[in-house]
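Below is one structure, written out as C-alpha cells, with a few remarks after it.
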Amino acid sequence: MKMTFRWYGDDDQVNLDKIKQIPGVTGIVSAIYDVPVGEVWSLEKILELKKKVDSKGLKLETIESVPVHEDIKMGLPSRDKYIENYQETLRNLGQAGIDVVCYNFMPVFDWTRSELNYELPDGSNALIYNEDTVMKMDPLTGELDLPGWDTSYENDGLRELLARYQDISEEDLWENLRYFLEGIIPVAEEAEIKMAIHPDDPPWSIFGLPRIITNKENLERFIKLVDSPSNGLTLCTGSLGVNPDNNIPDLVRYFGDKGRIHFAHVRNIKITGERNFEEAAHLSTAGSLDIYEILKAYHEVGFEGPMRPDHGRMIWGETGRPGYGLYDRALGATYLNGIWESLEKSE
C-alpha cells in the first residue's frame, strides 16, 4: 500500500511542504485544474505538475480526476471528439509515467451534500447529507439553493442540462459508459495506465438523474463491460458505505482478489437515518464503518496500490475547502498507517 494525500495545486492552502511532514505519506493525488473539461491535457502541463511534486521528495501517484464531458455521458454525436481528446490526455499521462487515473461517470454532479459545515457534537464541522433537504434543492422544482457544492454552471445552464437528462435512463447511461470504455481502455493499456472509476456519491439517484456505480452487482457489471486489467475501481468506502447494504470488506476482498481495485479512498461515515449521513473521523468508533476490518481486507488481498484518507472534518478552528483541510486528514493518514503497520507485523 502507498499512502497518498490529495493536493489541489498551487492555490491549495494545504501545500506540499505541509503534506510531506505527515508521517508515512509518500505520494500525491492531484490533477490539472485550469484546462476546460473535454480539452486535451498537454504533456507540458503534466510534466510541470509532476516536477512540482517531485521537487518536494514526493511522487505523483495518481491523477484525480480527468473529468468526462457531459456529452459523452449523454451519448451525443459530439462525444467522439471528446473521447479522442481523452485518449490523447491518457497518452500524455502515460508518457509522463502516471500509473493510475481516477474518474467518475456521474451525471452533472460528482458528489452531493445538503450542508458543508455542519457542526458535530464535538464542535468540529463536517459535510452531511439529509435527503429531505437535498430534495428541496432540486434546481428544477426546489425551494432551496444549492449549498455551493457545484459552481460549474449558471442556474439557467444547470436547469437546461438537468432537463436534457430527463430522457436518459440508467440503461442508456450504461450503454454510454460502455461506448466510452471501448474508446479509452485500449489506449490506457498501451499507456500502461490503470483506469479507476469512482462510485456515485451518494450511491442513489439525485434529482431524477441516473446513477449506476452504486453496489456490488453494478461494480461487477462495470468491470465486465470491457474486461481488462486496466478497467478497474476507485473503491471509496464513504461513497459506497452510506448504503448499509454495501459490505465494504466483502467488496474489497471480492474485487481485490480480481485485481480490479486500483485506488483506495478510505473514510468513515455515520449513518443517521435512511439516506441520511454525516462524514465522521476516520476512527472506527466515530462512524458506521469498521476501518480496521476494511484495511484487514486490503491487506489480505495484497493491495499494493495508492490509498488516501478521504474527506476529513474541519477541526481546531481550521477553515478551507470543505472536506479537504489538513489536520483531520493528516490524523486519518496516521491512523490508517498505524493499522497497516500492525497488520504487517502481526503476520
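In the C-alpha cells, each chain is lettered A, B, ... as it comes, each chain's residues begin at 1, and ligands are numbered from 1 in order of appearance.
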
Would you mind listing what lies within 10 Å of Asp132 (chain A) as a PDB file with N, CA and C atoms, in the first residue's frame, with only C-alpha atoms counted and same-chain residues fewer than 2 positions away left out?
ATOM      1  N   SER A 114     -26.028  18.142   1.605  1.00  0.00           N
ATOM      2  CA  SER A 114     -27.011  19.166   1.956  1.00  0.00           C
ATOM      3  C   SER A 114     -26.396  20.306   2.750  1.00  0.00           C
ATOM      4  N   TYR A 129     -25.382  14.792   4.675  1.00  0.00           N
ATOM      5  CA  TYR A 129     -26.405  14.598   3.648  1.00  0.00           C
ATOM      6  C   TYR A 129     -27.728  14.306   4.335  1.00  0.00           C
ATOM      7  N   ASN A 130     -28.721  15.144   4.049  1.00  0.00           N
ATOM      8  CA  ASN A 130     -30.082  14.930   4.521  1.00  0.00           C
ATOM      9  C   ASN A 130     -30.992  14.864   3.306  1.00  0.00           C
ATOM     10  N   VAL A 134     -31.982  17.821   0.594  1.00  0.00           N
ATOM     11  CA  VAL A 134     -31.471  17.752  -0.779  1.00  0.00           C
ATOM     12  C   VAL A 134     -32.613  17.817  -1.786  1.00  0.00           C
ATOM     13  N   MET A 135     -33.709  17.130  -1.498  1.00  0.00           N
ATOM     14  CA  MET A 135     -34.831  17.146  -2.432  1.00  0.00           C
ATOM     15  C   MET A 135     -35.417  18.551  -2.591  1.00  0.00           C
ATOM     16  N   LYS A 136     -35.291  19.381  -1.566  1.00  0.00           N
ATOM     17  CA  LYS A 136     -35.764  20.765  -1.664  1.00  0.00           C
ATOM     18  C   LYS A 136     -34.800  21.643  -2.459  1.00  0.00           C
ATOM     19  N   MET A 137     -33.636  21.089  -2.819  1.00  0.00           N
ATOM     20  CA  MET A 137     -32.644  21.835  -3.594  1.00  0.00           C
ATOM     21  C   MET A 137     -32.706  21.512  -5.089  1.00  0.00           C
ATOM     22  N   ARG A 275     -31.034   7.127   4.146  1.00  0.00           N
ATOM     23  CA  ARG A 275     -30.487   8.108   3.207  1.00  0.00           C
ATOM     24  C   ARG A 275     -30.095   9.419   3.896  1.00  0.00           C
ATOM     25  N   ASN A 276     -29.629   9.313   5.120  1.00  0.00           N
ATOM     26  CA  ASN A 276     -29.089  10.450   5.867  1.00  0.00           C
ATOM     27  C   ASN A 276     -27.757  10.028   6.473  1.00  0.00           C
TER      28      ASN A 276
END

Picked from region 83-219 of chain A by DSSP as alpha helix (DSSP H), as an MDAnalysis selection string: chainID A and resid 83:95 131:135 155:164 170:191 216:219

Output file for the residues above (N, CA and C atoms, as a short mmCIF file (atom, residue, chain, number, x, y, z; two decimals), in the first residue's frame):
data_model
loop_
_atom_site.label_atom_id
_atom_site.label_comp_id
_atom_site.auth_asym_id
_atom_site.auth_seq_id
_atom_site.Cartn_x
_atom_site.Cartn_y
_atom_site.Cartn_z
N ILE A 83 -13.97 11.96 -26.71
CA ILE A 83 -13.27 10.70 -26.43
C ILE A 83 -11.88 10.73 -27.04
N GLU A 84 -11.76 11.27 -28.24
CA GLU A 84 -10.42 11.40 -28.86
C GLU A 84 -9.52 12.29 -28.01
N ASN A 85 -10.07 13.37 -27.47
CA ASN A 85 -9.28 14.24 -26.58
C ASN A 85 -8.86 13.49 -25.32
N TYR A 86 -9.77 12.69 -24.78
CA TYR A 86 -9.48 11.91 -23.58
C TYR A 86 -8.35 10.91 -23.86
N GLN A 87 -8.43 10.29 -25.02
CA GLN A 87 -7.37 9.35 -25.42
C GLN A 87 -6.01 10.04 -25.47
N GLU A 88 -5.98 11.24 -26.03
CA GLU A 88 -4.72 11.97 -26.14
C GLU A 88 -4.21 12.35 -24.75
N THR A 89 -5.09 12.73 -23.87
CA THR A 89 -4.68 13.03 -22.50
C THR A 89 -4.06 11.81 -21.84
N LEU A 90 -4.68 10.65 -22.05
CA LEU A 90 -4.14 9.41 -21.46
C LEU A 90 -2.76 9.10 -22.02
N ARG A 91 -2.58 9.30 -23.30
CA ARG A 91 -1.25 9.05 -23.89
C ARG A 91 -0.21 9.96 -23.25
N ASN A 92 -0.57 11.22 -23.04
CA ASN A 92 0.36 12.17 -22.42
C ASN A 92 0.64 11.80 -20.96
N LEU A 93 -0.39 11.37 -20.24
CA LEU A 93 -0.19 10.95 -18.86
C LEU A 93 0.72 9.71 -18.79
N GLY A 94 0.49 8.78 -19.71
CA GLY A 94 1.35 7.59 -19.75
C GLY A 94 2.79 7.95 -20.05
N GLN A 95 2.99 8.88 -20.97
CA GLN A 95 4.35 9.32 -21.31
C GLN A 95 5.04 9.96 -20.11
N GLU A 131 -31.62 13.73 3.12
CA GLU A 131 -32.40 13.50 1.90
C GLU A 131 -33.50 14.53 1.72
N ASP A 132 -34.24 14.85 2.78
CA ASP A 132 -35.34 15.81 2.64
C ASP A 132 -34.83 17.18 2.22
N THR A 133 -33.70 17.59 2.81
CA THR A 133 -33.13 18.89 2.45
C THR A 133 -32.65 18.90 1.01
N VAL A 134 -31.98 17.82 0.59
CA VAL A 134 -31.47 17.75 -0.78
C VAL A 134 -32.61 17.82 -1.79
N MET A 135 -33.71 17.13 -1.50
CA MET A 135 -34.83 17.15 -2.43
C MET A 135 -35.42 18.55 -2.59
N ASN A 155 -27.39 29.06 -13.15
CA ASN A 155 -28.68 28.42 -12.87
C ASN A 155 -29.41 27.98 -14.12
N ASP A 156 -29.47 28.86 -15.14
CA ASP A 156 -30.19 28.51 -16.36
C ASP A 156 -29.52 27.35 -17.08
N GLY A 157 -28.18 27.36 -17.12
CA GLY A 157 -27.46 26.28 -17.77
C GLY A 157 -27.64 24.96 -17.05
N LEU A 158 -27.69 25.02 -15.71
CA LEU A 158 -27.89 23.82 -14.93
C LEU A 158 -29.28 23.23 -15.16
N ARG A 159 -30.28 24.09 -15.17
CA ARG A 159 -31.65 23.61 -15.42
C ARG A 159 -31.77 22.98 -16.80
N GLU A 160 -31.13 23.60 -17.79
CA GLU A 160 -31.18 23.06 -19.15
C GLU A 160 -30.51 21.69 -19.21
N LEU A 161 -29.37 21.55 -18.53
CA LEU A 161 -28.65 20.28 -18.54
C LEU A 161 -29.47 19.19 -17.85
N LEU A 162 -30.05 19.52 -16.70
CA LEU A 162 -30.87 18.54 -15.99
C LEU A 162 -32.08 18.13 -16.82
N ALA A 163 -32.66 19.08 -17.52
CA ALA A 163 -33.82 18.76 -18.36
C ALA A 163 -33.43 17.79 -19.48
N ARG A 164 -32.23 17.95 -20.01
CA ARG A 164 -31.78 17.06 -21.09
C ARG A 164 -31.58 15.63 -20.60
N GLU A 170 -31.15 4.68 -16.81
CA GLU A 170 -29.94 4.01 -16.33
C GLU A 170 -29.35 3.12 -17.42
N GLU A 171 -30.19 2.43 -18.18
CA GLU A 171 -29.68 1.57 -19.25
C GLU A 171 -29.01 2.40 -20.33
N ASP A 172 -29.54 3.58 -20.62
CA ASP A 172 -28.88 4.48 -21.57
C ASP A 172 -27.50 4.86 -21.06
N LEU A 173 -27.42 5.16 -19.76
CA LEU A 173 -26.14 5.56 -19.19
C LEU A 173 -25.15 4.40 -19.23
N TRP A 174 -25.62 3.18 -18.96
CA TRP A 174 -24.74 2.01 -19.08
C TRP A 174 -24.19 1.89 -20.50
N GLU A 175 -25.04 2.08 -21.48
CA GLU A 175 -24.60 1.96 -22.87
C GLU A 175 -23.60 3.06 -23.22
N ASN A 176 -23.83 4.27 -22.73
CA ASN A 176 -22.89 5.37 -22.99
C ASN A 176 -21.56 5.14 -22.28
N LEU A 177 -21.60 4.52 -21.11
CA LEU A 177 -20.37 4.17 -20.40
C LEU A 177 -19.61 3.09 -21.16
N ARG A 178 -20.32 2.09 -21.65
CA ARG A 178 -19.67 1.05 -22.44
C ARG A 178 -18.96 1.64 -23.65
N TYR A 179 -19.63 2.54 -24.36
CA TYR A 179 -19.05 3.18 -25.55
C TYR A 179 -17.77 3.94 -25.18
N PHE A 180 -17.83 4.65 -24.06
CA PHE A 180 -16.66 5.40 -23.58
C PHE A 180 -15.50 4.45 -23.25
N LEU A 181 -15.80 3.39 -22.53
CA LEU A 181 -14.73 2.44 -22.14
C LEU A 181 -14.11 1.77 -23.35
N GLU A 182 -14.91 1.43 -24.33
CA GLU A 182 -14.37 0.80 -25.54
C GLU A 182 -13.43 1.74 -26.27
N GLY A 183 -13.62 3.04 -26.06
CA GLY A 183 -12.73 4.01 -26.68
C GLY A 183 -11.46 4.26 -25.90
N ILE A 184 -11.53 4.20 -24.57
CA ILE A 184 -10.35 4.61 -23.79
C ILE A 184 -9.52 3.47 -23.22
N ILE A 185 -10.13 2.32 -22.93
CA ILE A 185 -9.36 1.26 -22.27
C ILE A 185 -8.22 0.72 -23.14
N PRO A 186 -8.41 0.52 -24.44
CA PRO A 186 -7.26 0.10 -25.26
C PRO A 186 -6.10 1.10 -25.21
N VAL A 187 -6.42 2.39 -25.16
CA VAL A 187 -5.38 3.41 -25.06
C VAL A 187 -4.71 3.35 -23.69
N ALA A 188 -5.51 3.14 -22.64
CA ALA A 188 -4.95 3.00 -21.29
C ALA A 188 -4.01 1.80 -21.21
N GLU A 189 -4.36 0.71 -21.86
CA GLU A 189 -3.49 -0.47 -21.88
C GLU A 189 -2.15 -0.13 -22.53
N GLU A 190 -2.22 0.56 -23.66
CA GLU A 190 -0.99 0.93 -24.36
C GLU A 190 -0.14 1.88 -23.52
N ALA A 191 -0.80 2.78 -22.78
CA ALA A 191 -0.09 3.77 -21.97
C ALA A 191 0.32 3.22 -20.61
N LYS A 216 -22.39 -3.84 -5.37
CA LYS A 216 -21.56 -4.95 -5.84
C LYS A 216 -21.99 -5.45 -7.21
N GLU A 217 -23.29 -5.63 -7.39
CA GLU A 217 -23.80 -6.12 -8.67
C GLU A 217 -23.41 -5.20 -9.81
N ASN A 218 -23.54 -3.90 -9.60
CA ASN A 218 -23.21 -2.95 -10.66
C ASN A 218 -21.72 -2.81 -10.87
N LEU A 219 -20.93 -2.91 -9.79
CA LEU A 219 -19.47 -2.90 -9.96
C LEU A 219 -19.02 -4.10 -10.78
#

Lys52 (chain A) environment, 10 Å, only C-alpha atoms, sequence neighbours closer than 6 positions dropped, as JSON, numbers by chain: {"A": [9, 10, 16, 58, 59, 60]}

Residues near Gly57 (chain A), cut-off 10 Å, only C-alpha atoms, skip fewer than 4 positions along chain, as a count of residues only: 7

Which of A:Ile28, A:Ala280, A:Ile72, A:Val301 sits closest to Asn125 (chain A) [using only C-alpha atoms]: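 Among A:Ile28, A:Ala280, A:Ile72, A:Val301, it is A:Ala280 that comes nearest to Asn125 (chain A).
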
Backbone DSSP call of strand (DSSP E) for region 70-194 of chain A, listed as an MDAnalysis selection string: chainID A and resid 100:103 115:119 125:130 194

Spatial neighbours of Glu318 (chain A), 10 Å, only C-alpha atoms, chain gap at least 3 places, as a PDB file with all heavy atoms, in the first residue's frame:
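What ended up in selection.pdb:
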ATOM      1  N   SER A 124     -16.474  20.039  15.928  1.00  0.00           N
ATOM      2  CA  SER A 124     -15.891  20.040  14.586  1.00  0.00           C
ATOM      3  C   SER A 124     -16.991  20.239  13.554  1.00  0.00           C
ATOM      4  O   SER A 124     -18.185  20.152  13.862  1.00  0.00           O
ATOM      5  CB  SER A 124     -15.151  18.727  14.329  1.00  0.00           C
ATOM      6  OG  SER A 124     -16.048  17.621  14.367  1.00  0.00           O
ATOM      7  N   ASN A 125     -16.589  20.503  12.309  1.00  0.00           N
ATOM      8  CA  ASN A 125     -17.541  20.721  11.221  1.00  0.00           C
ATOM      9  C   ASN A 125     -17.326  19.683  10.131  1.00  0.00           C
ATOM     10  O   ASN A 125     -16.193  19.316   9.827  1.00  0.00           O
ATOM     11  CB  ASN A 125     -17.385  22.121  10.639  1.00  0.00           C
ATOM     12  CG  ASN A 125     -17.659  23.211  11.660  1.00  0.00           C
ATOM     13  OD1 ASN A 125     -16.750  23.709  12.298  1.00  0.00           O
ATOM     14  ND2 ASN A 125     -18.923  23.570  11.827  1.00  0.00           N
ATOM     15  N   ARG A 313     -13.023  16.130   8.610  1.00  0.00           N
ATOM     16  CA  ARG A 313     -13.758  17.224   9.250  1.00  0.00           C
ATOM     17  C   ARG A 313     -12.855  18.463   9.309  1.00  0.00           C
ATOM     18  O   ARG A 313     -11.656  18.390   9.098  1.00  0.00           O
ATOM     19  CB  ARG A 313     -14.135  16.833  10.676  1.00  0.00           C
ATOM     20  CG  ARG A 313     -14.969  15.549  10.800  1.00  0.00           C
ATOM     21  CD  ARG A 313     -14.927  15.044  12.248  1.00  0.00           C
ATOM     22  NE  ARG A 313     -13.556  14.713  12.623  1.00  0.00           N
ATOM     23  CZ  ARG A 313     -13.035  14.889  13.838  1.00  0.00           C
ATOM     24  NH1 ARG A 313     -13.778  15.413  14.809  1.00  0.00           N
ATOM     25  NH2 ARG A 313     -11.776  14.561  14.089  1.00  0.00           N
ATOM     26  N   MET A 314     -13.444  19.585   9.617  1.00  0.00           N
ATOM     27  CA  MET A 314     -12.673  20.774   9.959  1.00  0.00           C
ATOM     28  C   MET A 314     -12.552  20.810  11.475  1.00  0.00           C
ATOM     29  O   MET A 314     -13.569  20.859  12.179  1.00  0.00           O
ATOM     30  CB  MET A 314     -13.337  22.038   9.438  1.00  0.00           C
ATOM     31  CG  MET A 314     -13.257  22.197   7.933  1.00  0.00           C
ATOM     32  SD  MET A 314     -11.556  22.320   7.335  1.00  0.00           S
ATOM     33  CE  MET A 314     -11.843  22.553   5.580  1.00  0.00           C
ATOM     34  N   ILE A 315     -11.328  20.755  11.981  1.00  0.00           N
ATOM     35  CA  ILE A 315     -11.095  20.705  13.424  1.00  0.00           C
ATOM     36  C   ILE A 315     -10.091  21.783  13.827  1.00  0.00           C
ATOM     37  O   ILE A 315      -9.390  22.337  12.990  1.00  0.00           O
ATOM     38  CB  ILE A 315     -10.583  19.315  13.864  1.00  0.00           C
ATOM     39  CG1 ILE A 315      -9.224  18.984  13.226  1.00  0.00           C
ATOM     40  CG2 ILE A 315     -11.600  18.233  13.507  1.00  0.00           C
ATOM     41  CD1 ILE A 315      -8.594  17.691  13.733  1.00  0.00           C
ATOM     42  N   ARG A 321     -11.221  24.417   2.082  1.00  0.00           N
ATOM     43  CA  ARG A 321     -12.030  23.643   1.148  1.00  0.00           C
ATOM     44  C   ARG A 321     -12.797  22.563   1.913  1.00  0.00           C
ATOM     45  O   ARG A 321     -12.180  21.729   2.595  1.00  0.00           O
ATOM     46  CB  ARG A 321     -11.105  23.009   0.099  1.00  0.00           C
ATOM     47  CG  ARG A 321     -11.823  22.294  -1.031  1.00  0.00           C
ATOM     48  CD  ARG A 321     -10.812  21.599  -1.935  1.00  0.00           C
ATOM     49  NE  ARG A 321      -9.887  22.535  -2.526  1.00  0.00           N
ATOM     50  CZ  ARG A 321     -10.067  23.159  -3.678  1.00  0.00           C
ATOM     51  NH1 ARG A 321     -11.180  22.937  -4.364  1.00  0.00           N
ATOM     52  NH2 ARG A 321      -9.172  23.987  -4.158  1.00  0.00           N
ATOM     53  N   GLY A 325      -9.451  19.872   4.584  1.00  0.00           N
ATOM     54  CA  GLY A 325      -8.497  20.531   5.456  1.00  0.00           C
ATOM     55  C   GLY A 325      -7.293  19.641   5.706  1.00  0.00           C
ATOM     56  O   GLY A 325      -7.245  18.479   5.288  1.00  0.00           O
ATOM     57  N   LEU A 326      -6.326  20.175   6.415  1.00  0.00           N
ATOM     58  CA  LEU A 326      -5.089  19.435   6.690  1.00  0.00           C
ATOM     59  C   LEU A 326      -5.214  18.513   7.893  1.00  0.00           C
ATOM     60  O   LEU A 326      -4.905  17.324   7.817  1.00  0.00           O
ATOM     61  CB  LEU A 326      -3.939  20.418   6.920  1.00  0.00           C
ATOM     62  CG  LEU A 326      -2.619  19.812   7.431  1.00  0.00           C
ATOM     63  CD1 LEU A 326      -2.034  18.828   6.427  1.00  0.00           C
ATOM     64  CD2 LEU A 326      -1.623  20.927   7.754  1.00  0.00           C
ATOM     65  N   TYR A 327      -5.693  19.036   9.013  1.00  0.00           N
ATOM     66  CA  TYR A 327      -5.493  18.354  10.290  1.00  0.00           C
ATOM     67  C   TYR A 327      -6.196  17.002  10.367  1.00  0.00           C
ATOM     68  O   TYR A 327      -5.595  15.994  10.742  1.00  0.00           O
ATOM     69  CB  TYR A 327      -5.962  19.247  11.442  1.00  0.00           C
ATOM     70  CG  TYR A 327      -5.307  20.610  11.474  1.00  0.00           C
ATOM     71  CD1 TYR A 327      -6.048  21.748  11.793  1.00  0.00           C
ATOM     72  CD2 TYR A 327      -3.951  20.767  11.173  1.00  0.00           C
ATOM     73  CE1 TYR A 327      -5.466  23.004  11.822  1.00  0.00           C
ATOM     74  CE2 TYR A 327      -3.357  22.027  11.199  1.00  0.00           C
ATOM     75  CZ  TYR A 327      -4.117  23.140  11.530  1.00  0.00           C
ATOM     76  OH  TYR A 327      -3.530  24.378  11.553  1.00  0.00           O
ATOM     77  N   ASP A 328      -7.480  16.961  10.043  1.00  0.00           N
ATOM     78  CA  ASP A 328      -8.210  15.709  10.217  1.00  0.00           C
ATOM     79  C   ASP A 328      -7.774  14.660   9.197  1.00  0.00           C
ATOM     80  O   ASP A 328      -7.726  13.466   9.513  1.00  0.00           O
ATOM     81  CB  ASP A 328      -9.718  15.953  10.118  1.00  0.00           C
ATOM     82  CG  ASP A 328     -10.514  14.848  10.798  1.00  0.00           C
ATOM     83  OD1 ASP A 328     -10.069  14.356  11.856  1.00  0.00           O
ATOM     84  OD2 ASP A 328     -11.580  14.474  10.289  1.00  0.00           O
TER      85      ASP A 328
END

Per residue of region 203-269 of chain A within 12 Å of region 105-110 of chain A, record the nearest atom pair and its distance in Å to one decimal, counting only C-alpha atoms, with rows in chain order and ascending residue number, as CSV.
residue,atom,partner,partner_atom,distance
A:Pro203,CA,A:Met106,CA,9.9
A:Trp204,CA,A:Met106,CA,10.6
A:Ser205,CA,A:Met106,CA,9.9
A:Ile206,CA,A:Phe109,CA,9.0
A:Phe207,CA,A:Phe109,CA,10.3
A:Gly208,CA,A:Pro107,CA,10.3
A:Leu209,CA,A:Pro107,CA,6.6
A:Pro210,CA,A:Pro107,CA,7.2
A:Arg211,CA,A:Met106,CA,6.3
A:Ile212,CA,A:Met106,CA,8.1
A:Ile213,CA,A:Phe105,CA,8.0
A:Thr214,CA,A:Met106,CA,10.6
A:Phe222,CA,A:Phe105,CA,11.3
A:Ser239,CA,A:Asp110,CA,10.9

How would the residues just picked look written out with C-alpha atoms as a PDB file, in the first residue's frame?
ATOM      1  CA  PRO A 203     -24.978   5.737  -4.466  1.00  0.00           C
ATOM      2  CA  TRP A 204     -28.577   6.530  -5.372  1.00  0.00           C
ATOM      3  CA  SER A 205     -30.431   8.797  -7.792  1.00  0.00           C
ATOM      4  CA  ILE A 206     -30.382  12.543  -7.112  1.00  0.00           C
ATOM      5  CA  PHE A 207     -32.875  14.918  -8.783  1.00  0.00           C
ATOM      6  CA  GLY A 208     -34.003  12.079 -11.041  1.00  0.00           C
ATOM      7  CA  LEU A 209     -30.537  11.688 -12.556  1.00  0.00           C
ATOM      8  CA  PRO A 210     -29.477   8.116 -13.352  1.00  0.00           C
ATOM      9  CA  ARG A 211     -26.703   6.657 -11.192  1.00  0.00           C
ATOM     10  CA  ILE A 212     -25.202   3.241 -11.820  1.00  0.00           C
ATOM     11  CA  ILE A 213     -21.879   2.748  -9.978  1.00  0.00           C
ATOM     12  CA  THR A 214     -23.618   2.001  -6.714  1.00  0.00           C
ATOM     13  CA  PHE A 222     -18.973  -2.457 -14.862  1.00  0.00           C
ATOM     14  CA  SER A 239     -19.428   6.733  -1.053  1.00  0.00           C
TER      15      SER A 239
END

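Taking CA of Ile168 (chain A) and CA of Leu251 (chain A) as endpoints, the distance between them is 28.4 Å.
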
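Between CA of Pro244 (chain A) and CA of Leu127 (chain A) lies a distance of 18.7 Å.
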
Non-local contacts of region 336-345 of chain A (8 Å; only C-alpha atoms; under 2 positions in same chain excluded) as a list in words: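 Returned residues: Met3, Gly24, Tyr292, Leu295, Lys296, His299, Pro309, Gly332, Ala333, Thr334 and Glu347 of chain A.
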
Considering only C-alpha atoms, give me a table of residues in region 250-315 of chain A that are at most 9 Å from region 232-236 of chain A, with the closest atom pair and distance in Å for each, as CSV.
residue,atom,partner,partner_atom,distance
A:Leu251,CA,A:Leu235,CA,8.4
A:Val252,CA,A:Leu235,CA,7.7
A:Phe255,CA,A:Leu233,CA,8.4
A:Gly259,CA,A:Gly232,CA,8.1
A:Arg260,CA,A:Gly232,CA,4.5
A:Ile261,CA,A:Leu233,CA,4.8
A:His262,CA,A:Leu233,CA,5.7
A:Phe263,CA,A:Thr234,CA,4.6
A:Ala264,CA,A:Leu235,CA,5.2
A:His265,CA,A:Cys236,CA,4.5
A:Val266,CA,A:Cys236,CA,6.1
A:Arg267,CA,A:Cys236,CA,7.7
A:Asp310,CA,A:Cys236,CA,8.3

Now that the selection is made, can you save its residues with N, CA and C atoms as a JSON list (two decimals), in the first residue's frame?
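Here's the written file selection_13.json:
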[["chain", "number", "residue", "atom", "x", "y", "z"],
["A", 251, "LEU", "N", -16.56, -6.22, -0.43],
["A", 251, "LEU", "CA", -16.25, -5.63, -1.73],
["A", 251, "LEU", "C", -14.74, -5.60, -1.96],
["A", 252, "VAL", "N", -13.98, -5.25, -0.91],
["A", 252, "VAL", "CA", -12.52, -5.20, -1.03],
["A", 252, "VAL", "C", -11.97, -6.58, -1.36],
["A", 255, "PHE", "N", -13.35, -7.74, -5.16],
["A", 255, "PHE", "CA", -12.73, -7.09, -6.32],
["A", 255, "PHE", "C", -11.21, -7.00, -6.18],
["A", 259, "GLY", "N", -7.99, -8.28, -8.75],
["A", 259, "GLY", "CA", -7.01, -7.29, -9.19],
["A", 259, "GLY", "C", -7.63, -6.07, -9.82],
["A", 260, "ARG", "N", -8.85, -5.73, -9.41],
["A", 260, "ARG", "CA", -9.55, -4.63, -10.06],
["A", 260, "ARG", "C", -9.69, -3.38, -9.18],
["A", 261, "ILE", "N", -9.11, -3.38, -7.99],
["A", 261, "ILE", "CA", -9.09, -2.15, -7.20],
["A", 261, "ILE", "C", -7.76, -1.46, -7.44],
["A", 262, "HIS", "N", -7.80, -0.35, -8.11],
["A", 262, "HIS", "CA", -6.58, 0.36, -8.48],
["A", 262, "HIS", "C", -6.28, 1.56, -7.58],
["A", 263, "PHE", "N", -7.28, 1.97, -6.79],
["A", 263, "PHE", "CA", -7.12, 3.17, -5.95],
["A", 263, "PHE", "C", -8.09, 3.02, -4.79],
["A", 264, "ALA", "N", -7.63, 3.35, -3.58],
["A", 264, "ALA", "CA", -8.46, 3.19, -2.39],
["A", 264, "ALA", "C", -8.68, 4.54, -1.72],
["A", 265, "HIS", "N", -9.95, 4.92, -1.60],
["A", 265, "HIS", "CA", -10.34, 6.05, -0.77],
["A", 265, "HIS", "C", -10.88, 5.48, 0.54],
["A", 266, "VAL", "N", -10.31, 5.90, 1.65],
["A", 266, "VAL", "CA", -10.77, 5.37, 2.94],
["A", 266, "VAL", "C", -11.22, 6.52, 3.83],
["A", 267, "ARG", "N", -12.49, 6.51, 4.18],
["A", 267, "ARG", "CA", -13.04, 7.46, 5.15],
["A", 267, "ARG", "C", -14.21, 6.81, 5.84],
["A", 310, "ASP", "N", -9.72, 9.99, 2.86],
["A", 310, "ASP", "CA", -10.66, 10.81, 2.10],
["A", 310, "ASP", "C", -11.15, 11.94, 2.98]]
